[in-house]
Amino acid sequence: MILFFYNLALLASLVAAAPWWLWRMASTHKYREGLIERLGRVPRRLGSVAAQAGDRPVIWLHAVSVGEVLAVTRLVRSLGSALPAHQVVISTTTRTGQALARERFESNRVFYCPLDLPWAVRAYLNTLRPGLLILAETEFWPNLLHGCFRRAIPVVVVNARISNRSWPRYLRLRRLWRRLLSRLSLVLAQSQTDAGRLLQLGCQPDRVSVAGNLKFDVCVAQESEATRLLKPLSAVLRFVVAGSTLDGEESALIEAWPRLLAADPRLVLILAPRHPERFGAVAALLDQSRIRWRRRSDWPIDSSSAPSDSVGALGPGAIVLLDTIGELASVYSLASVAFVGGSLVPAGGHNPLEPAQFAVPIAMGPHYANFAAITDSLRARDALRIAEKAELAATLIELLQDRAAAKAMGARAREVFEQQAGATERCIEAIRLVLAASSSPGRAT
């Protein structure tokens, strides 16, 4: 009955919002991309993958956006080697997540997750016939979960978390969640706090455990092309890498840039906005600043040319707009200091582990609720600096000038990264047990 009212409310919301969505689809490409797939038309390539799997059961893994795709990258690859008798397919919700997933995995097994409409979910479940659904973090969709339960498909949640911001909303709807979450086969939480919250929402106590954060297992698999091109210049230049920045942060960094250059004239700023749709707006800011800058996408792709030829006259004081997807994590390896964005403005922050794995000293703003556990682990070891917007320039200058202290700070960040690793292996072992139980006769769901 609760599911009936959920679908009724969902349908009413879709009808009410239809004019807005039609306008957005007409004016913005990102709202049109993948729409037919989301509405239930299974792409032909995915049907071919399912057909070719034959006797190999399909594991469907869903990761919402870029952050989740990065977090599960190692897990997906480990599943392929640990469970060779299974075929793994990956869905995402956002366009940027889709682009990164297609880059990191075989593109023919990456697709947009259907909207949580009964017919759309049914079409994908009928085509894929998955033996297991894996959800990254807490991407709970009632129709998707109900469709799996009706087909006795086990559902595993990895890297499960419920943020402080979303916790009140989950509590208000706990009557809906209790009926669904009580039937999950396994929930692997990031922390004890997350596990406790999931138990309050109705997960079965014997099916919830703490496996740790998969984002501690994020390792860059290979050097990006941008890193290859910039690395030769690191002998004479020092890079400040500002990653995953949001509106208001780029202007703060541009404003602070003259002070940083006065402290060290050999600096180059690599500015990587979080959302591709903002590349043009950030380019306009750079134009207005009259600072010498270049787009990463303008560098010619010519394997026969030397890296220094490709990046052109990238001298001290310049800014590079990293307007590409999937290169930031590797570029962090070049940083003398890294700023992790989404944290100067109240947006919850982004993942400081990407620079931490390279022993890079890190600065962030005070808004990091989305990565509180990770950030607090780094702060506890004095492996990260928190700075308000007015203090950002001074904090970055301190890290750039005191090289010995910055190097020690980066080393501590790397130690935290290594000490917290291992969530992937724990997830793989738990998934093995779920699959074994699901294949045994008379199992309970």
# chains A, B, ... in the order shown; residues from 1 in each chain; ligands from 1
>>> residues_around(residues="Ser209 of chain A", least_positions_apart="2", cutoff="9 Å", atoms="only C-alpha atoms", output="PDB file with C-alpha atoms, in the first residue's frame")
ATOM      1  CA  LEU A 186      23.595  -6.895   3.223  1.00  0.00           C
ATOM      2  CA  VAL A 187      24.527  -3.324   4.160  1.00  0.00           C
ATOM      3  CA  LEU A 188      28.218  -2.439   4.429  1.00  0.00           C
ATOM      4  CA  ALA A 189      28.440   0.916   6.190  1.00  0.00           C
ATOM      5  CA  GLN A 190      31.267   3.426   6.117  1.00  0.00           C
ATOM      6  CA  SER A 191      31.227   4.019   9.879  1.00  0.00           C
ATOM      7  CA  GLN A 192      29.562   2.919  13.094  1.00  0.00           C
ATOM      8  CA  ALA A 195      25.451   1.614  10.656  1.00  0.00           C
ATOM      9  CA  PRO A 205      20.920  -6.155  12.644  1.00  0.00           C
ATOM     10  CA  ASP A 206      22.502  -9.354  11.348  1.00  0.00           C
ATOM     11  CA  ARG A 207      22.773  -7.844   7.857  1.00  0.00           C
ATOM     12  CA  ALA A 211      33.380  -2.292   6.157  1.00  0.00           C
TER      13      ALA A 211
END
>>> residues_around(residues="Gln87 of chain A", least_positions_apart="4", cutoff="9 Å", atoms="only C-alpha atoms", output="PyMOL selection string")
chain A and resi 49-50+53+56-60+80+83
>>> select_by_dssp(residues="segment 46-269 of chain A", states="strand (DSSP E)", output="count of residues only")
45
>>> atom_distance(atom1="atom CA of Arg381 of chain A", atom2="atom CA of Arg274 of chain A")
27.1 Å
>>> closest_residue(among="A:Ala256, A:Ile431, A:Leu39, A:Ile374", to="Ala120 of chain A", atoms="only C-alpha atoms")
A:Leu39
>>> atom_distance(atom1="atom CA of Ser289 of chain A", atom2="atom CA of Gly317 of chain A")
12.6 Å
>>> atom_distance(atom1="atom CA of Ser439 of chain A", atom2="atom CA of Glu137 of chain A")
25.1 Å
>>> residues_around(residues="Leu285 of chain A", least_positions_apart="4", cutoff="10 Å", atoms="only C-alpha atoms", output="VMD selection string")
chain A and resid 250 to 251 254 279 to 281 289 to 291
>>> residues_around(residues="Leu384 of chain A", least_positions_apart="3", cutoff="8 Å", atoms="only C-alpha atoms", output="PDB file with N, CA and C atoms, in the first residue's frame")
ATOM      1  N   PRO A 361      50.254  18.133   0.703  1.00  0.00           N
ATOM      2  CA  PRO A 361      49.607  18.907   1.761  1.00  0.00           C
ATOM      3  C   PRO A 361      48.295  19.504   1.249  1.00  0.00           C
ATOM      4  N   ILE A 362      47.263  19.496   2.097  1.00  0.00           N
ATOM      5  CA  ILE A 362      45.899  19.811   1.652  1.00  0.00           C
ATOM      6  C   ILE A 362      45.331  20.966   2.456  1.00  0.00           C
ATOM      7  N   ALA A 363      44.621  21.844   1.773  1.00  0.00           N
ATOM      8  CA  ALA A 363      43.826  22.895   2.415  1.00  0.00           C
ATOM      9  C   ALA A 363      42.378  22.741   1.977  1.00  0.00           C
ATOM     10  N   MET A 364      41.454  22.997   2.890  1.00  0.00           N
ATOM     11  CA  MET A 364      40.022  22.968   2.600  1.00  0.00           C
ATOM     12  C   MET A 364      39.345  24.109   3.334  1.00  0.00           C
ATOM     13  N   THR A 375      37.689  13.769   6.533  1.00  0.00           N
ATOM     14  CA  THR A 375      38.369  15.020   6.875  1.00  0.00           C
ATOM     15  C   THR A 375      38.797  15.032   8.339  1.00  0.00           C
ATOM     16  N   LEU A 378      41.930  13.023   8.858  1.00  0.00           N
ATOM     17  CA  LEU A 378      43.120  13.765   8.434  1.00  0.00           C
ATOM     18  C   LEU A 378      43.460  14.881   9.415  1.00  0.00           C
ATOM     19  N   ARG A 379      42.461  15.585   9.897  1.00  0.00           N
ATOM     20  CA  ARG A 379      42.708  16.668  10.860  1.00  0.00           C
ATOM     21  C   ARG A 379      43.285  16.131  12.160  1.00  0.00           C
ATOM     22  N   MET A 409      53.492  17.102   6.566  1.00  0.00           N
ATOM     23  CA  MET A 409      52.023  17.071   6.565  1.00  0.00           C
ATOM     24  C   MET A 409      51.501  16.150   5.474  1.00  0.00           C
ATOM     25  N   ALA A 413      49.275  12.640   5.681  1.00  0.00           N
ATOM     26  CA  ALA A 413      48.054  12.408   4.903  1.00  0.00           C
ATOM     27  C   ALA A 413      48.120  11.058   4.189  1.00  0.00           C
TER      28      ALA A 413
END
>>> residues_around(residues="Ser297 of chain A", least_positions_apart="5", cutoff="10 Å", atoms="only C-alpha atoms", output="list in words")
Ala226, Val320, Leu321, Leu322, Asp323 and Thr324 of chain A
>>> write_last_selection(atoms="C-alpha atoms", output="PDB file, in the first residue's frame")
ATOM      1  CA  ALA A 226      47.334  16.165 -18.591  1.00  0.00           C
ATOM      2  CA  VAL A 320      45.328  26.293 -16.345  1.00  0.00           C
ATOM      3  CA  LEU A 321      41.579  25.659 -16.592  1.00  0.00           C
ATOM      4  CA  LEU A 322      41.294  21.871 -16.338  1.00  0.00           C
ATOM      5  CA  ASP A 323      38.153  21.571 -18.464  1.00  0.00           C
ATOM      6  CA  THR A 324      38.304  17.803 -18.890  1.00  0.00           C
TER       7      THR A 324
END
>>> closest_atom_pairs(of="segment 262-367 of chain A", to="segment 385-408 of chain A", cutoff="10 Å", atoms="only C-alpha atoms", output="CSV")
residue,atom,partner,partner_atom,distance
A:Ala262,CA,A:Ile397,CA,9.5
A:Ala263,CA,A:Ile397,CA,6.6
A:Asp264,CA,A:Leu400,CA,7.9
A:Leu267,CA,A:Leu400,CA,9.6
A:Ser336,CA,A:Leu400,CA,6.9
A:Val337,CA,A:Leu400,CA,6.8
A:Ala338,CA,A:Leu396,CA,8.5
A:Phe339,CA,A:Leu396,CA,8.3
A:Ser343,CA,A:Glu388,CA,9.1
A:Leu344,CA,A:Lys389,CA,6.1
A:Val345,CA,A:Lys389,CA,8.7
A:Ala359,CA,A:Lys407,CA,7.6
A:Val360,CA,A:Lys407,CA,7.4
A:Pro361,CA,A:Ala406,CA,5.7
A:Ile362,CA,A:Arg385,CA,6.3
A:Ala363,CA,A:Arg385,CA,4.7
A:Met364,CA,A:Ile386,CA,5.0
A:Gly365,CA,A:Ala387,CA,5.0
A:Pro366,CA,A:Ile386,CA,5.9
A:His367,CA,A:Ile386,CA,9.2
>>> write_last_selection(atoms="N, CA and C atoms", output="PDB file, in the first residue's frame")
ATOM      1  N   ALA A 262      53.314  36.650  -5.218  1.00  0.00           N
ATOM      2  CA  ALA A 262      54.283  37.488  -4.518  1.00  0.00           C
ATOM      3  C   ALA A 262      55.129  36.648  -3.564  1.00  0.00           C
ATOM      4  N   ALA A 263      54.514  35.594  -3.002  1.00  0.00           N
ATOM      5  CA  ALA A 263      55.247  34.714  -2.089  1.00  0.00           C
ATOM      6  C   ALA A 263      56.146  33.740  -2.843  1.00  0.00           C
ATOM      7  N   ASP A 264      55.707  33.322  -4.042  1.00  0.00           N
ATOM      8  CA  ASP A 264      56.513  32.394  -4.852  1.00  0.00           C
ATOM      9  C   ASP A 264      56.174  32.634  -6.320  1.00  0.00           C
ATOM     10  N   LEU A 267      54.869  29.882  -9.341  1.00  0.00           N
ATOM     11  CA  LEU A 267      53.638  29.102  -9.218  1.00  0.00           C
ATOM     12  C   LEU A 267      52.827  29.094 -10.505  1.00  0.00           C
ATOM     13  N   SER A 336      52.270  21.025  -5.338  1.00  0.00           N
ATOM     14  CA  SER A 336      53.028  21.410  -4.145  1.00  0.00           C
ATOM     15  C   SER A 336      52.070  21.614  -2.981  1.00  0.00           C
ATOM     16  N   VAL A 337      50.854  22.042  -3.292  1.00  0.00           N
ATOM     17  CA  VAL A 337      49.772  22.137  -2.314  1.00  0.00           C
ATOM     18  C   VAL A 337      48.462  21.982  -3.070  1.00  0.00           C
ATOM     19  N   ALA A 338      47.469  21.374  -2.433  1.00  0.00           N
ATOM     20  CA  ALA A 338      46.165  21.160  -3.060  1.00  0.00           C
ATOM     21  C   ALA A 338      45.081  21.841  -2.244  1.00  0.00           C
ATOM     22  N   PHE A 339      44.141  22.446  -2.952  1.00  0.00           N
ATOM     23  CA  PHE A 339      42.919  22.950  -2.327  1.00  0.00           C
ATOM     24  C   PHE A 339      41.768  22.088  -2.828  1.00  0.00           C
ATOM     25  N   SER A 343      34.128  23.467  -0.397  1.00  0.00           N
ATOM     26  CA  SER A 343      34.299  23.595   1.049  1.00  0.00           C
ATOM     27  C   SER A 343      34.372  25.044   1.538  1.00  0.00           C
ATOM     28  N   LEU A 344      34.645  25.988   0.647  1.00  0.00           N
ATOM     29  CA  LEU A 344      34.587  27.405   1.030  1.00  0.00           C
ATOM     30  C   LEU A 344      33.145  27.899   1.047  1.00  0.00           C
ATOM     31  N   VAL A 345      32.298  27.228   0.295  1.00  0.00           N
ATOM     32  CA  VAL A 345      30.869  27.536   0.251  1.00  0.00           C
ATOM     33  C   VAL A 345      30.124  26.370   0.894  1.00  0.00           C
ATOM     34  N   ALA A 359      50.659  12.115  -0.968  1.00  0.00           N
ATOM     35  CA  ALA A 359      51.418  12.805   0.073  1.00  0.00           C
ATOM     36  C   ALA A 359      51.500  14.302  -0.193  1.00  0.00           C
ATOM     37  N   VAL A 360      50.392  14.864  -0.664  1.00  0.00           N
ATOM     38  CA  VAL A 360      50.316  16.292  -0.960  1.00  0.00           C
ATOM     39  C   VAL A 360      49.683  17.003   0.235  1.00  0.00           C
ATOM     40  N   PRO A 361      50.254  18.133   0.703  1.00  0.00           N
ATOM     41  CA  PRO A 361      49.607  18.907   1.761  1.00  0.00           C
ATOM     42  C   PRO A 361      48.295  19.504   1.249  1.00  0.00           C
ATOM     43  N   ILE A 362      47.263  19.496   2.097  1.00  0.00           N
ATOM     44  CA  ILE A 362      45.899  19.811   1.652  1.00  0.00           C
ATOM     45  C   ILE A 362      45.331  20.966   2.456  1.00  0.00           C
ATOM     46  N   ALA A 363      44.621  21.844   1.773  1.00  0.00           N
ATOM     47  CA  ALA A 363      43.826  22.895   2.415  1.00  0.00           C
ATOM     48  C   ALA A 363      42.378  22.741   1.977  1.00  0.00           C
ATOM     49  N   MET A 364      41.454  22.997   2.890  1.00  0.00           N
ATOM     50  CA  MET A 364      40.022  22.968   2.600  1.00  0.00           C
ATOM     51  C   MET A 364      39.345  24.109   3.334  1.00  0.00           C
ATOM     52  N   GLY A 365      38.134  24.438   2.893  1.00  0.00           N
ATOM     53  CA  GLY A 365      37.302  25.375   3.623  1.00  0.00           C
ATOM     54  C   GLY A 365      36.603  24.674   4.771  1.00  0.00           C
ATOM     55  N   PRO A 366      35.776  25.393   5.533  1.00  0.00           N
ATOM     56  CA  PRO A 366      35.143  24.823   6.730  1.00  0.00           C
ATOM     57  C   PRO A 366      33.907  23.976   6.455  1.00  0.00           C
ATOM     58  N   HIS A 367      33.440  23.916   5.208  1.00  0.00           N
ATOM     59  CA  HIS A 367      32.212  23.180   4.893  1.00  0.00           C
ATOM     60  C   HIS A 367      32.562  21.825   4.276  1.00  0.00           C
TER      61      HIS A 367
END
>>> residues_around(residues="Pro154 of chain A", least_positions_apart="3", cutoff="9 Å", atoms="only C-alpha atoms", output="list in words")
Gly131, Leu132, Leu133, Ile134, Cys148, Phe149, Arg151, Arg183, Leu184, Ser185, Leu186, Val434, Leu435, Ser438 and Thr445 of chain A
>>> closest_residue(among="A:Leu199, A:Leu46, A:Ala160, A:Gln204", to="Ser182 of chain A", atoms="only C-alpha atoms")
A:Gln204
>>> closest_residue(among="A:Leu214, A:Ala63, A:Ile162, A:Ile270", to="Asp194 of chain A", atoms="only C-alpha atoms")
A:Ile162
